[in-house]
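Peer 1: File name target_6.csv; file contents CSV, C-alpha atoms; full text below.
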```
chain,number,residue,atom,x,y,z
B,200,MET,CA,-34.4,-39.2,20.4
B,201,THR,CA,-35.0,-35.4,20.0
B,202,THR,CA,-32.0,-33.1,19.8
B,203,THR,CA,-32.5,-29.7,21.3
B,204,GLY,CA,-29.1,-28.1,20.7
B,205,LYS,CA,-28.9,-25.8,17.7
B,206,LYS,CA,-26.3,-26.2,15.0
B,207,THR,CA,-23.7,-23.5,14.9
B,208,GLY,CA,-21.7,-24.6,11.9
B,209,LEU,CA,-20.8,-22.4,9.0
B,210,GLY,CA,-23.5,-22.0,6.5
B,211,ARG,CA,-26.5,-21.9,8.9
B,212,GLY,CA,-29.2,-20.6,6.7
B,213,LEU,CA,-29.9,-16.9,6.7
B,214,SER,CA,-33.7,-17.6,6.5
B,215,ALA,CA,-33.3,-19.3,9.9
B,216,LEU,CA,-31.9,-16.1,11.3
B,217,LEU,CA,-34.2,-13.6,9.5
B,218,GLY,CA,-37.5,-14.4,11.1
B,219,GLU,CA,-38.2,-18.0,10.3
B,220,GLN,CA,-37.2,-19.6,13.7
B,221,PRO,CA,-38.8,-19.1,17.1
B,222,VAL,CA,-36.7,-16.8,19.4
B,223,ALA,CA,-36.4,-17.1,23.1
B,224,GLN,CA,-37.6,-13.7,24.1
B,225,THR,CA,-39.8,-12.4,26.9
B,226,GLY,CA,-43.4,-12.1,25.6
B,227,ALA,CA,-42.6,-13.7,22.2
B,228,SER,CA,-43.9,-17.0,20.9
B,229,GLY,CA,-43.6,-18.6,17.5
B,230,ASN,CA,-41.8,-16.6,14.8
B,231,GLN,CA,-40.5,-13.3,16.1
B,232,GLN,CA,-41.8,-10.2,14.4
B,233,PRO,CA,-39.5,-7.3,13.7
B,234,VAL,CA,-39.4,-4.4,16.2
B,235,LYS,CA,-38.4,-0.8,15.8
B,236,LEU,CA,-35.4,0.6,17.6
B,237,PRO,CA,-34.0,4.1,17.8
B,238,ILE,CA,-31.1,4.4,15.3
B,239,GLU,CA,-28.8,5.8,18.0
B,240,LEU,CA,-29.1,2.5,20.0
B,241,LEU,CA,-27.4,0.6,17.1
B,242,GLN,CA,-23.7,0.1,16.7
B,243,ARG,CA,-21.7,-1.2,13.7
B,244,ASN,CA,-19.9,-4.5,14.1
B,245,PRO,CA,-16.1,-3.9,14.0
B,246,GLU,CA,-15.7,-7.4,12.5
B,247,GLN,CA,-18.0,-6.6,9.6
B,248,PRO,CA,-16.2,-7.8,6.5
B,249,ARG,CA,-17.5,-4.9,4.4
B,250,ARG,CA,-15.3,-1.8,4.8
B,251,THR,CA,-16.2,0.3,1.7
B,252,PHE,CA,-19.6,1.7,0.5
B,253,ASN,CA,-20.2,2.9,-3.0
B,254,GLU,CA,-21.3,6.5,-2.6
B,255,LYS,CA,-23.6,6.5,-5.7
B,256,GLU,CA,-25.4,3.4,-4.5
B,257,MET,CA,-25.7,4.8,-1.0
B,258,GLN,CA,-27.4,7.9,-2.3
B,259,GLN,CA,-29.8,5.8,-4.3
B,260,LEU,CA,-30.7,3.8,-1.2
B,261,VAL,CA,-31.1,7.0,0.9
B,262,SER,CA,-33.5,8.4,-1.7
B,263,SER,CA,-35.5,5.1,-1.7
B,264,ILE,CA,-35.7,5.0,2.1
B,265,ARG,CA,-36.9,8.6,2.2
B,266,LEU,CA,-39.8,7.6,-0.1
B,267,GLN,CA,-40.6,4.1,1.2
B,268,GLY,CA,-38.8,3.6,4.5
B,269,VAL,CA,-36.7,0.6,5.4
B,270,LEU,CA,-38.6,-2.3,3.8
B,271,GLN,CA,-36.3,-5.1,5.0
B,272,PRO,CA,-35.4,-5.2,8.7
B,273,ILE,CA,-31.8,-5.5,9.7
B,274,LEU,CA,-30.3,-8.2,11.9
B,275,VAL,CA,-28.9,-7.2,15.3
B,276,ARG,CA,-27.9,-8.7,18.7
B,277,SER,CA,-28.0,-7.1,22.1
B,278,ILE,CA,-24.8,-6.0,23.7
B,279,VAL,CA,-24.6,-7.6,27.1
B,280,GLY,CA,-24.9,-5.1,30.0
B,281,THR,CA,-26.1,-2.2,27.9
B,282,SER,CA,-29.1,-1.0,26.1
B,283,GLN,CA,-27.2,-1.0,22.8
B,284,TYR,CA,-27.4,-3.4,19.9
B,285,GLN,CA,-24.7,-4.5,17.5
B,286,ILE,CA,-25.5,-4.8,13.8
B,287,VAL,CA,-25.0,-8.3,12.4
B,288,ALA,CA,-26.3,-7.7,8.8
B,289,GLY,CA,-27.7,-4.6,7.3
B,290,GLU,CA,-25.2,-1.8,8.1
B,291,ARG,CA,-25.7,-0.2,4.7
B,292,ARG,CA,-29.5,0.2,5.4
B,293,TRP,CA,-28.7,1.5,8.9
B,294,ARG,CA,-26.3,4.1,7.5
B,295,ALA,CA,-28.8,5.1,4.7
B,296,ALA,CA,-31.7,5.4,7.2
B,297,GLY,CA,-29.6,7.8,9.3
B,298,GLN,CA,-28.8,9.9,6.3
B,299,ALA,CA,-32.5,9.9,5.3
B,300,GLY,CA,-33.4,11.4,8.6
B,301,LEU,CA,-35.2,8.4,10.1
B,302,HIS,CA,-35.2,8.1,13.9
B,303,GLU,CA,-36.2,4.4,14.1
B,304,ILE,CA,-35.4,1.3,12.0
B,305,PRO,CA,-37.0,-2.1,11.9
B,306,VAL,CA,-34.8,-4.9,13.3
B,307,TYR,CA,-34.8,-8.6,14.1
B,308,VAL,CA,-33.1,-9.2,17.5
B,309,ARG,CA,-31.2,-12.5,17.7
B,310,GLU,CA,-29.0,-14.2,20.2
B,311,LEU,CA,-25.8,-15.0,18.3
B,312,SER,CA,-22.3,-16.0,19.3
B,313,ASP,CA,-19.2,-14.1,18.1
B,314,ARG,CA,-18.6,-16.8,15.5
B,315,GLU,CA,-22.1,-16.8,14.2
B,316,VAL,CA,-21.9,-13.0,13.8
B,317,VAL,CA,-18.8,-13.2,11.6
B,318,GLU,CA,-20.3,-16.1,9.6
B,319,VAL,CA,-23.7,-14.5,9.0
B,320,ALA,CA,-22.1,-11.1,8.1
B,321,LEU,CA,-19.8,-12.8,5.5
B,322,VAL,CA,-22.4,-15.1,4.0
B,323,GLU,CA,-25.0,-12.3,3.8
B,324,ASN,CA,-22.6,-10.0,2.0
B,325,MET,CA,-21.4,-12.7,-0.3
B,326,GLN,CA,-25.0,-13.5,-1.3
B,327,ARG,CA,-25.5,-9.9,-2.1
B,328,ALA,CA,-22.2,-9.6,-4.0
B,329,ASP,CA,-21.4,-6.6,-1.9
B,330,LEU,CA,-17.7,-7.3,-1.0
B,331,ASN,CA,-14.6,-6.4,-2.9
B,332,SER,CA,-11.9,-9.0,-3.1
B,333,ILE,CA,-9.9,-7.8,-0.2
B,334,GLU,CA,-12.9,-7.6,2.1
B,335,GLU,CA,-13.9,-11.1,0.9
B,336,ALA,CA,-10.4,-12.4,1.7
B,337,GLN,CA,-10.4,-10.8,5.2
B,338,GLY,CA,-13.8,-12.5,5.9
B,339,TYR,CA,-12.5,-15.9,4.8
B,340,ARG,CA,-9.3,-15.5,6.9
B,341,ALA,CA,-11.3,-14.6,10.0
B,342,LEU,CA,-13.4,-17.7,9.6
B,343,ILE,CA,-10.3,-19.9,9.1
B,344,ASP,CA,-7.9,-18.3,11.6
B,345,GLN,CA,-10.3,-17.2,14.4
B,346,PHE,CA,-12.9,-19.9,14.2
B,347,HIS,CA,-10.8,-22.8,12.8
B,348,HIS,CA,-12.9,-23.5,9.8
B,349,THR,CA,-11.2,-25.4,6.9
B,350,GLN,CA,-11.1,-24.0,3.4
B,351,GLU,CA,-13.6,-26.7,2.4
B,352,ASP,CA,-16.0,-25.6,5.1
B,353,VAL,CA,-15.9,-22.0,3.9
B,354,ALA,CA,-16.1,-23.0,0.3
B,355,LYS,CA,-19.4,-25.0,0.9
B,356,ALA,CA,-20.9,-22.1,2.9
B,357,VAL,CA,-20.5,-19.5,0.2
B,358,SER,CA,-20.8,-21.8,-2.8
B,359,ARG,CA,-17.3,-21.3,-4.1
B,360,SER,CA,-14.5,-23.7,-5.0
B,361,ARG,CA,-11.8,-24.5,-2.5
B,362,SER,CA,-9.2,-23.1,-4.9
B,363,HIS,CA,-11.2,-19.8,-5.1
B,364,ILE,CA,-11.0,-19.5,-1.3
B,365,ALA,CA,-7.3,-20.3,-1.2
B,366,ASN,CA,-6.5,-17.8,-4.0
B,367,THR,CA,-8.7,-15.1,-2.5
B,368,VAL,CA,-7.0,-15.4,0.9
B,369,ARG,CA,-3.6,-15.2,-0.8
B,370,LEU,CA,-4.5,-11.7,-2.0
B,371,LEU,CA,-3.8,-10.5,1.6
B,372,ASP,CA,-0.1,-11.4,1.0
B,373,LEU,CA,0.1,-8.5,-1.5
B,374,PRO,CA,1.7,-5.2,-0.4
B,375,GLU,CA,-0.8,-2.7,1.0
B,376,GLN,CA,-0.3,-0.5,-2.1
B,377,VAL,CA,-1.5,-3.2,-4.4
B,378,GLN,CA,-4.4,-4.2,-2.2
B,379,GLU,CA,-5.5,-0.6,-2.3
B,380,LEU,CA,-5.5,-0.6,-6.1
B,381,LEU,CA,-7.7,-3.7,-6.0
B,382,VAL,CA,-10.1,-2.1,-3.5
B,383,ASN,CA,-10.5,1.1,-5.5
B,384,GLY,CA,-11.0,-0.8,-8.8
B,385,SER,CA,-7.8,0.2,-10.5
B,386,ILE,CA,-6.9,-3.4,-11.0
B,387,SER,CA,-9.0,-6.6,-11.0
B,388,ALA,CA,-8.7,-9.7,-8.9
B,389,GLY,CA,-7.2,-11.4,-11.9
B,390,HIS,CA,-4.5,-8.8,-12.1
B,391,ALA,CA,-3.8,-9.2,-8.4
B,392,ARG,CA,-3.5,-13.0,-8.6
B,393,ALA,CA,-1.0,-12.7,-11.4
B,394,LEU,CA,1.1,-10.2,-9.4
B,395,LEU,CA,1.3,-12.6,-6.5
B,396,ALA,CA,3.8,-14.6,-8.5
B,397,SER,CA,6.1,-11.6,-8.8
B,398,ASP,CA,9.1,-10.7,-6.6
B,399,ASN,CA,8.0,-7.1,-6.7
B,400,PRO,CA,4.2,-6.8,-7.1
B,401,ALA,CA,4.2,-3.1,-6.2
B,402,ARG,CA,6.6,-2.1,-9.0
B,403,LEU,CA,4.9,-4.3,-11.6
B,404,SER,CA,1.5,-2.9,-10.6
B,405,GLU,CA,2.7,0.5,-11.7
B,406,THR,CA,3.6,-0.9,-15.1
B,407,VAL,CA,0.2,-2.5,-15.3
B,408,LEU,CA,-1.5,0.8,-14.7
B,409,ASP,CA,0.9,2.8,-17.0
B,410,ARG,CA,0.4,0.4,-19.9
B,411,SER,CA,-3.3,-0.4,-19.2
B,412,LEU,CA,-2.5,-4.1,-19.3
B,413,ASN,CA,-5.2,-6.8,-19.3
B,414,VAL,CA,-4.8,-9.9,-17.1
B,415,ARG,CA,-3.1,-12.0,-19.8
B,416,GLN,CA,-0.6,-9.3,-20.5
B,417,THR,CA,0.0,-8.9,-16.8
B,418,GLU,CA,0.7,-12.6,-16.5
B,419,LYS,CA,3.2,-12.3,-19.3
B,420,LEU,CA,4.8,-9.3,-17.7
B,421,VAL,CA,5.3,-11.3,-14.5
B,422,ARG,CA,6.8,-14.2,-16.4
B,423,ASP,CA,9.2,-12.0,-18.3
B,424,SER,CA,10.3,-10.3,-15.1
B,425,MET,CA,11.3,-13.7,-13.7
B,426,ILE,CA,13.3,-14.9,-16.7
B,427,PRO,CA,16.7,-13.3,-15.8
B,428,LEU,CA,16.6,-14.9,-12.4
B,429,GLU,CA,15.8,-18.3,-13.9
B,430,THR,CA,18.7,-17.9,-16.4
B,431,LYS,CA,21.2,-17.1,-13.6
B,432,ALA,CA,20.0,-20.1,-11.6
B,433,LYS,CA,21.0,-22.6,-14.3
B,434,LYS,CA,24.3,-24.4,-13.7
B,435,PRO,CA,26.9,-24.0,-16.4
B,436,GLY,CA,27.1,-27.1,-18.6
B,437,SER,CA,24.0,-28.7,-17.3
B,438,SER,CA,22.1,-28.2,-20.5
B,439,LYS,CA,22.7,-27.4,-24.1
B,440,PRO,CA,22.4,-23.8,-25.3
B,441,GLN,CA,19.0,-23.1,-26.6
B,442,ASN,CA,18.6,-23.4,-30.4
B,443,ALA,CA,15.9,-22.2,-32.6
B,444,ASP,CA,14.0,-25.5,-32.5
B,445,ILE,CA,13.8,-25.5,-28.7
B,446,GLN,CA,12.7,-21.9,-28.6
B,447,ALA,CA,10.0,-22.7,-31.2
B,448,VAL,CA,8.7,-25.6,-29.1
B,449,GLU,CA,8.6,-23.4,-26.0
B,450,SER,CA,6.8,-20.7,-27.8
B,451,GLN,CA,4.2,-23.1,-29.3
B,452,LEU,CA,3.5,-24.7,-25.9
B,453,SER,CA,3.3,-21.4,-24.1
B,454,GLN,CA,0.8,-20.1,-26.6
B,455,SER,CA,-1.3,-23.3,-26.5
B,456,LEU,CA,-1.3,-23.4,-22.6
B,457,GLY,CA,-1.3,-19.7,-21.8
B,458,LEU,CA,1.5,-20.5,-19.3
B,459,GLN,CA,5.3,-20.0,-19.2
B,460,VAL,CA,7.1,-23.1,-20.6
B,461,ASN,CA,10.8,-23.8,-20.3
B,462,LEU,CA,12.5,-26.7,-22.1
B,463,SER,CA,16.1,-27.8,-21.3
B,464,THR,CA,17.8,-30.7,-23.0
B,465,LYS,CA,21.0,-32.6,-22.4
B,466,THR,CA,23.5,-34.2,-24.7
B,467,ASP,CA,22.1,-37.7,-24.2
B,468,GLY,CA,18.7,-36.6,-25.5
B,469,SER,CA,17.0,-36.4,-22.1
B,470,GLY,CA,15.6,-33.2,-20.7
B,471,VAL,CA,13.2,-31.3,-18.5
B,472,LEU,CA,9.9,-29.7,-19.5
B,473,GLN,CA,8.9,-27.1,-17.0
B,474,ILE,CA,5.4,-25.5,-16.9
B,475,LYS,CA,4.8,-22.6,-14.5
B,476,TYR,CA,1.5,-21.5,-13.2
B,477,SER,CA,0.6,-18.4,-11.0
B,478,THR,CA,-2.8,-19.5,-9.5
B,479,LEU,CA,-4.6,-22.7,-8.5
B,480,GLU,CA,-7.2,-22.0,-11.2
B,481,GLN,CA,-4.4,-22.2,-13.8
B,482,LEU,CA,-3.2,-25.5,-12.2
B,483,ASP,CA,-6.7,-26.9,-12.2
B,484,ASP,CA,-7.2,-26.0,-15.8
B,485,LEU,CA,-3.8,-27.6,-16.8
B,486,CYS,CA,-4.7,-30.8,-14.9
B,487,ARG,CA,-8.1,-31.0,-16.8
B,488,ARG,CA,-6.3,-30.6,-20.1
B,489,LEU,CA,-3.7,-33.3,-19.3
B,490,ASN,CA,-6.4,-35.7,-18.1
B,491,THR,CA,-8.6,-35.3,-21.2
B,492,ASN,CA,-8.6,-38.5,-23.2
```
Produce structure tokens that represent the structure in this file.
Peer 2:
Amino acid sequence: MTTTGKKTGLGRGLSALLGEQPVAQTGASGNQQPVKLPIELLQRNPEQPRRTFNEKEMQQLVSSIRLQGVLQPILVRSIVGTSQYQIVAGERRWRAAGQAGLHEIPVYVRELSDREVVEVALVENMQRADLNSIEEAQGYRALIDQFHHTQEDVAKAVSRSRSHIANTVRLLDLPEQVQELLVNGSISAGHARALLASDNPARLSETVLDRSLNVRQTEKLVRDSMIPLETKAKKPGSSKPQNADIQAVESQLSQSLGLQVNLSTKTDGSGVLQIKYSTLEQLDDLCRRLNTN
């Protein structure tokens, strides 16, 4: 039995969209060749995951296009009922071509659904490593919320772990002020993930900048900021006052694991060992250590 329907799941190969599949188009047979369209007929995609463009890199691309033209066609789809086309992948080349003074640009025209447009734009940008962490998170959330993909689906499509997808999407829970610091490169994704565990990420982010803290130091800053709350939460008489031996054990374990460790003991010799983590990567690492024979 021959199946004629096309697969629209996440991860559809970009090669299948960039000239290596037959396209149903009047006068076209076999593999579609790129065509040239006036730049003014192209429109950016409002759902494009990429929001920021490095000015230095843009100027380098503009210079290259002035000398050699646009060597790789961009991917577009027609906008129903108009003579316009929406850019699916290649907005950066389109922008640079306009700045270089070109009037036309080579394109591949494809018939794509709204879901495929989001999928292709995200995967194309991920393969080029062009997205900052917030843009990446917004792209993942669009695929998960709007198109009902699971985190596992997205992880397979972009060759990332499920925990990476989950932790990246969680960055959108940070205050806008902290997200902006991540976008402009003032802090790294590691800093941002550490700040997620804080009750006041915005305030602590200022401390991180003022002290030029690295990620490990930021994790410690977050842990230290939470200690007073934990101390208040303990019920009087539920545990013995900490002595030097317990503090020494906590310190040794914290240094060994790179995580906050709390140890409480009772008068009968029993107790609770609490290990706190801030990210799923830290949990995965801890589980690997505990499962090592």
Peer 1: Could you name the residues that touch Ser312 (chain B) at 10 Å or less, counting all atoms listed in the file, but leaving out those on the same chain fewer than 4 positions away, as a VMD selection string?
Peer 2: chain B and resid 207 276 316 to 318
Peer 1: CA of Val275 (chain B) and CA of Ser263 (chain B) are how many Å apart?
Peer 2: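 Computing it gives 22.0 Å between the two atoms.
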Peer 1: Tell me which protein, DNA and RNA residues are within 12 Å of Ile264 (chain B), counting all atoms listed in the file, leaving out same-chain ones fewer than 3 positions away, and put them as a list in words.
Peer 2: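 Once the adjacent positions are removed, what remains is Met257, Gln258, Gln259, Leu260, Val261, Gln267, Gly268, Val269, Leu270, Gln271, Arg291, Arg292, Trp293, Arg294, Ala295, Ala296, Gly297, Gln298, Ala299, Gly300, Leu301 and Ile304 of chain B.
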Peer 1: Using Å and a single decimal, report how far CA of Ile445 (chain B) sits from CA of Leu458 (chain B).
Peer 2: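 Atom-to-atom, CA of Leu458 (chain B) and CA of Ile445 (chain B) are spaced 16.3 Å apart.
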Peer 1: What's around Gln242 (chain B) at 10 Å? Count all atoms listed in the file, leave out sequence neighbours fewer than 4 positions away in its own chain, and write the answer as a list in words.
Peer 2: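 In the requested form, the answer reads Ile238, Val275, Arg276, Ser277, Ile278, Gln283, Tyr284, Gln285, Ile286, Val287, Glu290 and Trp293 of chain B.
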Peer 1: Rounded to one decimal place, report the CA of Val308 (chain B)-CA of Pro237 (chain B) distance in Å.
Peer 2: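 For CA of Val308 (chain B) relative to CA of Pro237 (chain B), the distance reads 13.3 Å.
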Peer 1: Nearest to Leu408 (chain B) among B:Leu370, B:Leu380, B:Val448, B:Ala288, with distances taken over only C-alpha atoms: which residue is it?
Peer 2: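 The closest residue to Leu408 (chain B) is B:Leu380.
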Peer 1: So which residues are close to (-3.5, -5.8, -7.9), meaning at most 9 Å away in the file's coordinates with all atoms listed in the file counted, and can you show them as a count of residues only?
Peer 2: 24
Peer 1: Which one of B:Val368, B:Ala320, B:Leu403, B:Leu489 sits closest to Gln247 (chain B) if you count only C-alpha atoms?
Peer 2: B:Ala320
Peer 1: Which residue out of B:Arg314, B:Lys465, B:Arg265, B:Arg309 has the minimum interatomic distance to Asp344 (chain B) when all atoms listed in the file are used?
Peer 2: B:Arg314
